[in-house]
Amino acid sequence: MQSSPRPPQPLPLDGITVVAVEQAVAAPFATRQLADLGARVIKVERPDGGDFARGYDTAAAGLASHFVWANRGKESLAVDLKDPRGLAVVRALVAEADVFVQNLAQGAAARLGLDAESLCAAHPRLVAVDISGYGAGGPYADKRAYDMLVQCEAGLVSVTGTPEQPVKAGIPAADIAAAMYAFSGVLAALLRRSTTGLGGVVEVSMLEALAEWMGHPLHHAMHGGEPPARTGLAHAVIAPYNAYGTADGARVLLSVQNDREWRRLAELVLERPELGTDPAYATNAARTAHREATDGLVGSALGRLDVDTALARLEKAGIACARLRDVTEVAAHPQLAARERWREVGSPVGPLRALLPPVTLPGGVEPAMGAVPALGEHTGALLRAVGMSDAEIAALRRDGVVA
């Protein structure tokens, strides 16, 4: 007898409510992960413009690209926390919430009584997250922290770029690192709460998150090695491992990980099998010592081929390779299309394309991927949910406490 199919499992955070006093990228990106997994996320914003990331640009059909990326699936409550009436609304929401997240400037949350320690003391089951630039103590505690500044302080910029020029990462790496540790910290704290009944404080700093991501260069330098050199797209200790131009103006990156692969590359791609055993190139140590000549041989061979032919030849030889794509090409990537990773999400300007979250849970409900909210879109409903009458809401709107 054939068994009936199992119903899809619910999203893992279904039933969890998150209140977030958040701005920019680090906290919003963390809470977006929670929303995608089924949590209800209430985003608290200023009435006069909201999260300042709303104003970064207008590239997403008139909306800010950062905001669209990091804020889908949330409810927007526009309220002035400096007004006691507005703060009381947020406190009422936090009292019923499972998680609270904030990344205000250092000390601002404490002045409002919205720091994690104070909230957890008042609400023992609450998981409360403080995201900061440099942490609550130490000489940098009050230092202003933006992504590129933290990239510099964490050493990322020192290992990124060319020998002549250090460069920042092209994405907000410090923000993303902090966001993902805040996300995983919330999940861990919720798991602990399921056995102890208690929530607790989660602290994440951008510097400490990104310093952890500096693992190999940091440990290499700390334990006796030299700080890794900046090598652009080349690898510091492996050759050939670089990007090479093709006849049609594209670029192909390839990586030879061992000497067997070098011999295959020499025979099947360079069409010079004698280079496989030539003492100047036969070992990685030799190829690295003769890096310029090695790159010249590979570049000359690939420069005679168009990009598709070059990639096909490298794949046939079993050499790891990739097409160097720009972001427009990534949006049309055949692998993302084949795996049906694109969806449409709602927004104040209509449907927008968005990627499914990278964590796939087969057999479950698809990630929520709700709409990007307009500023204050859910203010009225949320105020009614905490017991306010229409007259009281109208008074708050009149006084500019909410929007």
# chains A, B, ... in the order shown; residues from 1 in each chain; ligands from 1
>>> residues_around(residues="Leu218 (chain A)", least_positions_apart="4", cutoff="10 Å", atoms="only C-alpha atoms", output="number ranges by chain")
A: 154-156, 211-214, 222-223, 225-228
>>> write_last_selection(atoms="N, CA and C atoms", output="short mmCIF file (atom, residue, chain, number, x, y, z; two decimals), in the first residue's frame")
data_model
loop_
_atom_site.label_atom_id
_atom_site.label_comp_id
_atom_site.auth_asym_id
_atom_site.auth_seq_id
_atom_site.Cartn_x
_atom_site.Cartn_y
_atom_site.Cartn_z
N ALA A 154 39.69 45.68 11.16
CA ALA A 154 39.79 44.23 11.26
C ALA A 154 40.87 43.64 10.36
N GLY A 155 41.51 44.47 9.55
CA GLY A 155 42.59 43.98 8.70
C GLY A 155 42.15 43.44 7.36
N LEU A 156 40.85 43.44 7.07
CA LEU A 156 40.40 42.90 5.79
C LEU A 156 40.98 43.68 4.62
N ALA A 211 36.79 40.04 12.51
CA ALA A 211 38.09 39.49 12.92
C ALA A 211 38.07 37.96 12.88
N GLU A 212 36.95 37.36 13.25
CA GLU A 212 36.82 35.90 13.14
C GLU A 212 36.93 35.45 11.69
N TRP A 213 36.34 36.22 10.79
CA TRP A 213 36.42 35.86 9.37
C TRP A 213 37.82 36.03 8.80
N MET A 214 38.69 36.70 9.51
CA MET A 214 40.07 36.88 9.06
C MET A 214 40.94 35.67 9.40
N MET A 222 49.89 35.48 13.11
CA MET A 222 50.07 35.37 14.57
C MET A 222 51.05 34.28 14.96
N HIS A 223 51.06 33.22 14.17
CA HIS A 223 51.81 32.03 14.59
C HIS A 223 53.10 31.85 13.82
N GLY A 225 54.15 33.25 10.68
CA GLY A 225 54.30 33.56 9.26
C GLY A 225 54.26 35.05 9.01
N GLU A 226 54.54 35.42 7.79
CA GLU A 226 54.42 36.81 7.37
C GLU A 226 52.95 37.12 7.05
N PRO A 227 52.52 38.34 7.27
CA PRO A 227 51.16 38.69 6.83
C PRO A 227 51.03 38.42 5.34
N PRO A 228 49.93 37.79 4.89
CA PRO A 228 49.78 37.46 3.47
C PRO A 228 49.85 38.70 2.60
#
>>> select_by_dssp(residues="region 75-287 of chain A", states="alpha helix (DSSP H)", output="number ranges by chain")
A: 84-95, 108-112, 116-122, 147-153, 173-196, 206-213, 215-222, 259-268, 284-287
>>> select_by_dssp(residues="region 207-388 of chain A", states="strand (DSSP E or B)", output="number ranges by chain")
A: 241-245, 251-255, 320-323, 342-345, 352-355, 364
>>> write_last_selection(atoms="C-alpha atoms", output="PDB file, in the first residue's frame")
ATOM      1  CA  TYR A 241      45.666  30.517  -9.626  1.00  0.00           C
ATOM      2  CA  ASN A 242      44.623  33.746 -11.306  1.00  0.00           C
ATOM      3  CA  ALA A 243      42.306  35.384 -13.826  1.00  0.00           C
ATOM      4  CA  TYR A 244      43.291  35.370 -17.485  1.00  0.00           C
ATOM      5  CA  GLY A 245      41.867  37.267 -20.445  1.00  0.00           C
ATOM      6  CA  ARG A 251      38.211  36.725 -18.130  1.00  0.00           C
ATOM      7  CA  VAL A 252      38.521  33.199 -16.795  1.00  0.00           C
ATOM      8  CA  LEU A 253      39.822  32.293 -13.370  1.00  0.00           C
ATOM      9  CA  LEU A 254      41.445  28.909 -12.912  1.00  0.00           C
ATOM     10  CA  SER A 255      43.079  27.085 -10.033  1.00  0.00           C
ATOM     11  CA  ALA A 320      38.732  24.104 -11.545  1.00  0.00           C
ATOM     12  CA  CYS A 321      37.640  27.251 -13.330  1.00  0.00           C
ATOM     13  CA  ALA A 322      35.106  30.045 -13.326  1.00  0.00           C
ATOM     14  CA  ARG A 323      33.902  32.877 -15.522  1.00  0.00           C
ATOM     15  CA  TRP A 342      14.516  33.645  -8.014  1.00  0.00           C
ATOM     16  CA  ARG A 343      11.194  34.804  -6.630  1.00  0.00           C
ATOM     17  CA  GLU A 344       9.221  38.041  -6.689  1.00  0.00           C
ATOM     18  CA  VAL A 345       8.473  39.973  -3.513  1.00  0.00           C
ATOM     19  CA  LEU A 352      10.804  43.009  -7.265  1.00  0.00           C
ATOM     20  CA  ARG A 353      13.101  40.059  -7.936  1.00  0.00           C
ATOM     21  CA  ALA A 354      14.793  38.484  -4.927  1.00  0.00           C
ATOM     22  CA  LEU A 355      16.866  35.401  -4.280  1.00  0.00           C
ATOM     23  CA  GLY A 364       9.181  22.231   4.352  1.00  0.00           C
TER      24      GLY A 364
END
>>> residues_around(residues="Val21 (chain A)", least_positions_apart="5", cutoff="8 Å", atoms="only C-alpha atoms", output="PyMOL selection string")
chain A and resi 43-45+100-104
>>> write_last_selection(atoms="C-alpha atoms", output="CSV table (one decimal), in the first residue's frame")
chain,number,residue,atom,x,y,z
A,43,LYS,CA,10.6,46.9,12.4
A,44,VAL,CA,10.6,50.1,14.5
A,45,GLU,CA,11.6,53.2,12.5
A,100,PHE,CA,14.4,42.0,20.5
A,101,VAL,CA,17.2,43.3,18.3
A,102,GLN,CA,18.8,46.7,18.2
A,103,ASN,CA,21.8,48.3,16.6
A,104,LEU,CA,21.5,52.0,17.7
>>> residues_around(residues="Val204 (chain A)", least_positions_apart="3", cutoff="9 Å", atoms="only C-alpha atoms", output="compact mmCIF listing (two decimals) with all heavy atoms, in the first residue's frame")
# COMPACT_ATOMS: atom_id res chain seq x y z
N VAL A 129 19.16 41.13 21.66
CA VAL A 129 20.41 41.21 20.91
C VAL A 129 20.88 42.66 20.82
O VAL A 129 20.14 43.53 20.36
CB VAL A 129 20.24 40.65 19.48
CG1 VAL A 129 21.58 40.62 18.75
CG2 VAL A 129 19.62 39.26 19.51
N ASP A 130 22.11 42.88 21.26
CA ASP A 130 22.77 44.18 21.07
C ASP A 130 23.84 44.00 19.99
O ASP A 130 24.78 43.21 20.16
CB ASP A 130 23.45 44.64 22.37
CG ASP A 130 22.47 45.18 23.40
OD1 ASP A 130 21.33 45.53 23.03
OD2 ASP A 130 22.85 45.24 24.59
N ILE A 131 23.71 44.71 18.89
CA ILE A 131 24.72 44.72 17.83
C ILE A 131 25.42 46.07 17.87
O ILE A 131 24.78 47.11 17.82
CB ILE A 131 24.09 44.50 16.45
CG1 ILE A 131 23.34 43.15 16.39
CG2 ILE A 131 25.18 44.53 15.36
CD1 ILE A 131 22.61 42.92 15.08
N SER A 132 26.74 46.03 17.96
CA SER A 132 27.51 47.27 18.03
C SER A 132 28.69 47.19 17.08
O SER A 132 28.97 46.15 16.48
CB SER A 132 28.01 47.51 19.46
OG SER A 132 28.93 46.49 19.83
N GLY A 133 29.39 48.31 16.97
CA GLY A 133 30.58 48.33 16.12
C GLY A 133 31.75 47.63 16.76
O GLY A 133 32.42 46.80 16.13
N TYR A 134 32.01 47.94 18.04
CA TYR A 134 33.23 47.46 18.68
C TYR A 134 33.00 46.78 20.03
O TYR A 134 33.96 46.39 20.68
CB TYR A 134 34.20 48.64 18.87
CG TYR A 134 34.67 49.22 17.56
CD1 TYR A 134 34.13 50.41 17.08
CD2 TYR A 134 35.64 48.58 16.79
CE1 TYR A 134 34.55 50.95 15.87
CE2 TYR A 134 36.07 49.12 15.58
CZ TYR A 134 35.53 50.30 15.13
OH TYR A 134 35.95 50.83 13.93
N GLY A 135 31.74 46.63 20.45
CA GLY A 135 31.47 46.01 21.73
C GLY A 135 31.21 47.05 22.81
O GLY A 135 31.50 48.24 22.64
N ALA A 178 28.47 40.59 11.10
CA ALA A 178 27.74 40.81 12.35
C ALA A 178 26.31 40.30 12.24
O ALA A 178 25.77 39.70 13.19
CB ALA A 178 27.76 42.30 12.70
N ALA A 179 25.67 40.54 11.10
CA ALA A 179 24.29 40.09 10.91
C ALA A 179 24.18 38.58 11.03
O ALA A 179 23.26 38.06 11.69
CB ALA A 179 23.79 40.54 9.54
N TYR A 181 26.19 36.46 12.57
CA TYR A 181 26.41 35.97 13.94
C TYR A 181 25.24 36.34 14.84
O TYR A 181 24.88 35.57 15.75
CB TYR A 181 27.73 36.51 14.50
CG TYR A 181 28.92 35.77 13.94
CD1 TYR A 181 29.85 36.42 13.13
CD2 TYR A 181 29.10 34.43 14.19
CE1 TYR A 181 30.93 35.74 12.60
CE2 TYR A 181 30.18 33.73 13.66
CZ TYR A 181 31.09 34.39 12.86
OH TYR A 181 32.16 33.70 12.32
N ALA A 182 24.60 37.48 14.59
CA ALA A 182 23.39 37.81 15.35
C ALA A 182 22.28 36.81 15.04
O ALA A 182 21.58 36.33 15.94
CB ALA A 182 22.94 39.23 15.02
N GLY A 185 23.18 33.56 16.62
CA GLY A 185 23.08 33.73 18.07
C GLY A 185 21.64 33.67 18.55
O GLY A 185 21.34 33.07 19.59
N LEU A 207 33.42 44.37 14.69
CA LEU A 207 34.85 44.10 14.69
C LEU A 207 35.14 42.64 15.02
O LEU A 207 35.93 41.97 14.33
CB LEU A 207 35.57 45.00 15.70
CG LEU A 207 37.07 44.73 15.86
CD1 LEU A 207 37.83 45.05 14.58
CD2 LEU A 207 37.64 45.52 17.03
N GLU A 208 34.52 42.12 16.07
CA GLU A 208 34.79 40.75 16.48
C GLU A 208 34.29 39.74 15.45
O GLU A 208 34.93 38.71 15.19
CB GLU A 208 34.18 40.50 17.85
CG GLU A 208 34.93 41.25 18.94
CD GLU A 208 34.11 41.49 20.20
OE1 GLU A 208 33.05 40.86 20.37
OE2 GLU A 208 34.54 42.32 21.02
N ALA A 209 33.15 40.06 14.81
CA ALA A 209 32.64 39.17 13.77
C ALA A 209 33.60 39.11 12.58
O ALA A 209 33.94 38.03 12.08
CB ALA A 209 31.26 39.64 13.32
>>> atom_distance(atom1="CA of Thr360 (chain A)", atom2="CA of Gln33 (chain A)")
12.4 Å
>>> closest_atom_pairs(of="region 184-205 of chain A", to="region 108-126 of chain A", cutoff="8 Å", atoms="only C-alpha atoms", output="CSV")
residue,atom,partner,partner_atom,distance
A:Arg193,CA,A:Arg125,CA,7.2
A:Gly197,CA,A:Arg125,CA,6.4
A:Leu198,CA,A:Arg125,CA,4.6
A:Gly199,CA,A:Arg125,CA,4.3
A:Gly200,CA,A:Cys120,CA,5.9
A:Val201,CA,A:Ala116,CA,5.7
A:Val202,CA,A:Ala116,CA,7.6
>>> write_last_selection(atoms="N, CA, C and O atoms", output="PDB file, in the first residue's frame")
ATOM      1  N   ARG A 193      16.520  28.327  25.171  1.00  0.00           N
ATOM      2  CA  ARG A 193      15.290  28.654  25.881  1.00  0.00           C
ATOM      3  C   ARG A 193      14.309  27.482  25.879  1.00  0.00           C
ATOM      4  O   ARG A 193      13.535  27.289  26.830  1.00  0.00           O
ATOM      5  N   GLY A 197      13.841  27.446  29.518  1.00  0.00           N
ATOM      6  CA  GLY A 197      12.761  28.387  29.744  1.00  0.00           C
ATOM      7  C   GLY A 197      13.215  29.832  29.824  1.00  0.00           C
ATOM      8  O   GLY A 197      12.390  30.730  30.000  1.00  0.00           O
ATOM      9  N   LEU A 198      14.498  30.065  29.686  1.00  0.00           N
ATOM     10  CA  LEU A 198      15.054  31.416  29.811  1.00  0.00           C
ATOM     11  C   LEU A 198      15.667  31.868  28.491  1.00  0.00           C
ATOM     12  O   LEU A 198      16.316  31.092  27.791  1.00  0.00           O
ATOM     13  N   GLY A 199      15.447  33.139  28.175  1.00  0.00           N
ATOM     14  CA  GLY A 199      16.091  33.729  27.009  1.00  0.00           C
ATOM     15  C   GLY A 199      17.494  34.172  27.359  1.00  0.00           C
ATOM     16  O   GLY A 199      18.309  33.388  27.811  1.00  0.00           O
ATOM     17  N   GLY A 200      17.777  35.441  27.176  1.00  0.00           N
ATOM     18  CA  GLY A 200      19.093  35.941  27.560  1.00  0.00           C
ATOM     19  C   GLY A 200      19.654  36.902  26.548  1.00  0.00           C
ATOM     20  O   GLY A 200      19.090  37.130  25.469  1.00  0.00           O
ATOM     21  N   VAL A 201      20.791  37.468  26.920  1.00  0.00           N
ATOM     22  CA  VAL A 201      21.452  38.489  26.117  1.00  0.00           C
ATOM     23  C   VAL A 201      22.318  37.841  25.044  1.00  0.00           C
ATOM     24  O   VAL A 201      23.000  36.843  25.290  1.00  0.00           O
ATOM     25  N   VAL A 202      22.292  38.423  23.850  1.00  0.00           N
ATOM     26  CA  VAL A 202      23.208  38.064  22.763  1.00  0.00           C
ATOM     27  C   VAL A 202      23.934  39.340  22.369  1.00  0.00           C
ATOM     28  O   VAL A 202      23.299  40.333  22.025  1.00  0.00           O
TER      29      VAL A 202
END
>>> residues_around(residues="Ile238 (chain A)", least_positions_apart="5", cutoff="10 Å", atoms="only C-alpha atoms", output="VMD selection string")
chain A and resid 255 to 258 284 to 285 287 to 289 291
>>> write_last_selection(atoms="N, CA and C atoms", output="tab-separated table (two decimals), in the first residue's frame")
chain	number	residue	atom	x	y	z
A	255	SER	N	42.28	27.46	-11.20
A	255	SER	CA	43.08	27.09	-10.03
A	255	SER	C	43.68	25.71	-10.24
A	256	VAL	N	45.00	25.63	-10.20
A	256	VAL	CA	45.70	24.34	-10.24
A	256	VAL	C	46.14	24.03	-8.81
A	257	GLN	N	45.59	22.96	-8.23
A	257	GLN	CA	45.81	22.65	-6.82
A	257	GLN	C	46.96	21.70	-6.56
A	258	ASN	N	47.41	20.99	-7.60
A	258	ASN	CA	48.51	20.04	-7.39
A	258	ASN	C	49.23	19.83	-8.71
A	284	ASN	N	54.58	23.05	-7.54
A	284	ASN	CA	53.96	24.33	-7.18
A	284	ASN	C	55.01	25.31	-6.69
A	285	ALA	N	56.00	24.82	-5.93
A	285	ALA	CA	57.05	25.71	-5.45
A	285	ALA	C	57.78	26.37	-6.62
A	287	ARG	N	56.58	26.74	-9.74
A	287	ARG	CA	55.67	27.64	-10.47
A	287	ARG	C	55.47	28.95	-9.72
A	288	THR	N	55.41	28.88	-8.39
A	288	THR	CA	55.26	30.09	-7.61
A	288	THR	C	56.51	30.96	-7.71
A	289	ALA	N	57.68	30.31	-7.70
A	289	ALA	CA	58.92	31.06	-7.85
A	289	ALA	C	59.01	31.71	-9.22
A	291	ARG	N	56.30	32.76	-11.03
A	291	ARG	CA	54.89	33.09	-11.19
A	291	ARG	C	54.63	33.89	-12.48
>>> atom_distance(atom1="CA of Ser205 (chain A)", atom2="CA of Val150 (chain A)")
10.0 Å
>>> closest_residue(among="A:Ala95, A:Ala236, A:Val386, A:Ala301", to="Pro163 (chain A)", atoms="only C-alpha atoms")
A:Ala236
>>> residues_around(residues="Tyr56 (chain A)", least_positions_apart="5", cutoff="12 Å", atoms="only C-alpha atoms", output="ChimeraX atom specification")
/A:23-25,49-51,62-68
>>> write_last_selection(atoms="N, CA, C and O atoms", output="JSON list (two decimals), in the first residue's frame")
[["chain", "number", "residue", "atom", "x", "y", "z"],
["A", 23, "GLN", "N", 18.62, 49.82, 12.01],
["A", 23, "GLN", "CA", 18.92, 50.75, 10.92],
["A", 23, "GLN", "C", 20.11, 50.22, 10.14],
["A", 23, "GLN", "O", 20.85, 49.34, 10.61],
["A", 24, "ALA", "N", 20.29, 50.75, 8.96],
["A", 24, "ALA", "CA", 21.43, 50.41, 8.08],
["A", 24, "ALA", "C", 21.36, 48.96, 7.65],
["A", 24, "ALA", "O", 20.36, 48.53, 7.07],
["A", 25, "VAL", "N", 22.40, 48.14, 7.95],
["A", 25, "VAL", "CA", 22.49, 46.80, 7.37],
["A", 25, "VAL", "C", 22.58, 45.69, 8.41],
["A", 25, "VAL", "O", 21.88, 44.68, 8.31],
["A", 49, "GLY", "N", 11.27, 59.85, 8.17],
["A", 49, "GLY", "CA", 12.16, 59.25, 7.18],
["A", 49, "GLY", "C", 12.48, 57.80, 7.41],
["A", 49, "GLY", "O", 12.91, 57.10, 6.49],
["A", 50, "GLY", "N", 12.31, 57.32, 8.63],
["A", 50, "GLY", "CA", 12.54, 55.91, 8.90],
["A", 50, "GLY", "C", 13.99, 55.52, 8.92],
["A", 50, "GLY", "O", 14.89, 56.36, 9.08],
["A", 51, "ASP", "N", 14.24, 54.24, 8.78],
["A", 51, "ASP", "CA", 15.60, 53.70, 8.66],
["A", 51, "ASP", "C", 16.34, 54.50, 7.60],
["A", 51, "ASP", "O", 15.88, 54.63, 6.46],
["A", 62, "GLY", "N", 13.09, 52.86, -7.73],
["A", 62, "GLY", "CA", 12.75, 54.01, -6.91],
["A", 62, "GLY", "C", 12.99, 53.81, -5.43],
["A", 62, "GLY", "O", 12.98, 54.76, -4.66],
["A", 63, "LEU", "N", 13.20, 52.57, -5.01],
["A", 63, "LEU", "CA", 13.52, 52.27, -3.62],
["A", 63, "LEU", "C", 15.02, 52.05, -3.48],
["A", 63, "LEU", "O", 15.73, 51.79, -4.46],
["A", 64, "ALA", "N", 15.50, 52.10, -2.24],
["A", 64, "ALA", "CA", 16.93, 51.91, -1.98],
["A", 64, "ALA", "C", 17.29, 50.43, -2.04],
["A", 64, "ALA", "O", 16.63, 49.60, -1.41],
["A", 65, "SER", "N", 18.33, 50.10, -2.79],
["A", 65, "SER", "CA", 18.70, 48.70, -2.99],
["A", 65, "SER", "C", 19.07, 48.01, -1.67],
["A", 65, "SER", "O", 18.70, 46.85, -1.45],
["A", 66, "HIS", "N", 19.81, 48.69, -0.79],
["A", 66, "HIS", "CA", 20.13, 48.11, 0.51],
["A", 66, "HIS", "C", 18.85, 47.77, 1.27],
["A", 66, "HIS", "O", 18.74, 46.70, 1.88],
["A", 67, "PHE", "N", 17.91, 48.70, 1.27],
["A", 67, "PHE", "CA", 16.69, 48.51, 2.06],
["A", 67, "PHE", "C", 15.86, 47.35, 1.52],
["A", 67, "PHE", "O", 15.36, 46.51, 2.29],
["A", 68, "VAL", "N", 15.72, 47.27, 0.22],
["A", 68, "VAL", "CA", 14.96, 46.18, -0.40],
["A", 68, "VAL", "C", 15.58, 44.83, -0.05],
["A", 68, "VAL", "O", 14.88, 43.87, 0.29]]
>>> closest_residue(among="A:Ala60, A:Ala234, A:Ala266, A:Ile171", to="Pro348 (chain A)", atoms="only C-alpha atoms")
A:Ala60
>>> closest_residue(among="A:Gln151, A:Ala239, A:Gln335, A:Ser347", to="Gly296 (chain A)", atoms="only C-alpha atoms")
A:Ala239
>>> residues_around(residues="region 304-315 of chain A", least_positions_apart="6", cutoff="7 Å", atoms="only C-alpha atoms", output="PyMOL selection string")
chain A and resi 246-248+250+269+321
>>> write_last_selection(atoms="all heavy atoms", output="short mmCIF file (atom, residue, chain, number, x, y, z; two decimals), in the first residue's frame")
data_model
loop_
_atom_site.label_atom_id
_atom_site.label_comp_id
_atom_site.auth_asym_id
_atom_site.auth_seq_id
_atom_site.Cartn_x
_atom_site.Cartn_y
_atom_site.Cartn_z
N THR A 246 40.52 36.33 -22.23
CA THR A 246 40.26 35.48 -23.39
C THR A 246 40.15 36.36 -24.64
O THR A 246 40.10 37.58 -24.56
CB THR A 246 38.96 34.68 -23.19
OG1 THR A 246 37.88 35.58 -22.95
CG2 THR A 246 39.09 33.72 -22.02
N ALA A 247 40.07 35.71 -25.78
CA ALA A 247 40.11 36.44 -27.05
C ALA A 247 38.92 37.37 -27.24
O ALA A 247 39.01 38.35 -27.99
CB ALA A 247 40.19 35.44 -28.21
N ASP A 248 37.79 37.08 -26.58
CA ASP A 248 36.59 37.89 -26.75
C ASP A 248 36.41 38.92 -25.63
O ASP A 248 35.33 39.48 -25.45
CB ASP A 248 35.35 37.01 -26.87
CG ASP A 248 35.24 36.00 -25.74
OD1 ASP A 248 36.17 35.91 -24.90
OD2 ASP A 248 34.23 35.27 -25.70
N ALA A 250 36.58 38.54 -22.34
CA ALA A 250 36.14 38.04 -21.03
C ALA A 250 37.36 37.65 -20.20
O ALA A 250 38.51 37.75 -20.66
CB ALA A 250 35.19 36.86 -21.20
N VAL A 269 45.37 21.89 -22.26
CA VAL A 269 44.94 23.27 -22.45
C VAL A 269 46.06 24.11 -23.08
O VAL A 269 45.86 24.78 -24.09
CB VAL A 269 44.49 23.89 -21.11
CG1 VAL A 269 44.05 25.34 -21.32
CG2 VAL A 269 43.35 23.08 -20.51
N CYS A 321 37.64 25.98 -12.60
CA CYS A 321 37.64 27.25 -13.33
C CYS A 321 36.31 27.96 -13.13
O CYS A 321 35.32 27.37 -12.71
CB CYS A 321 37.89 27.02 -14.83
SG CYS A 321 36.69 25.91 -15.60
#
>>> closest_residue(among="A:Gln165, A:Gly15, A:Leu149, A:Pro139", to="Ala229 (chain A)", atoms="only C-alpha atoms")
A:Gln165
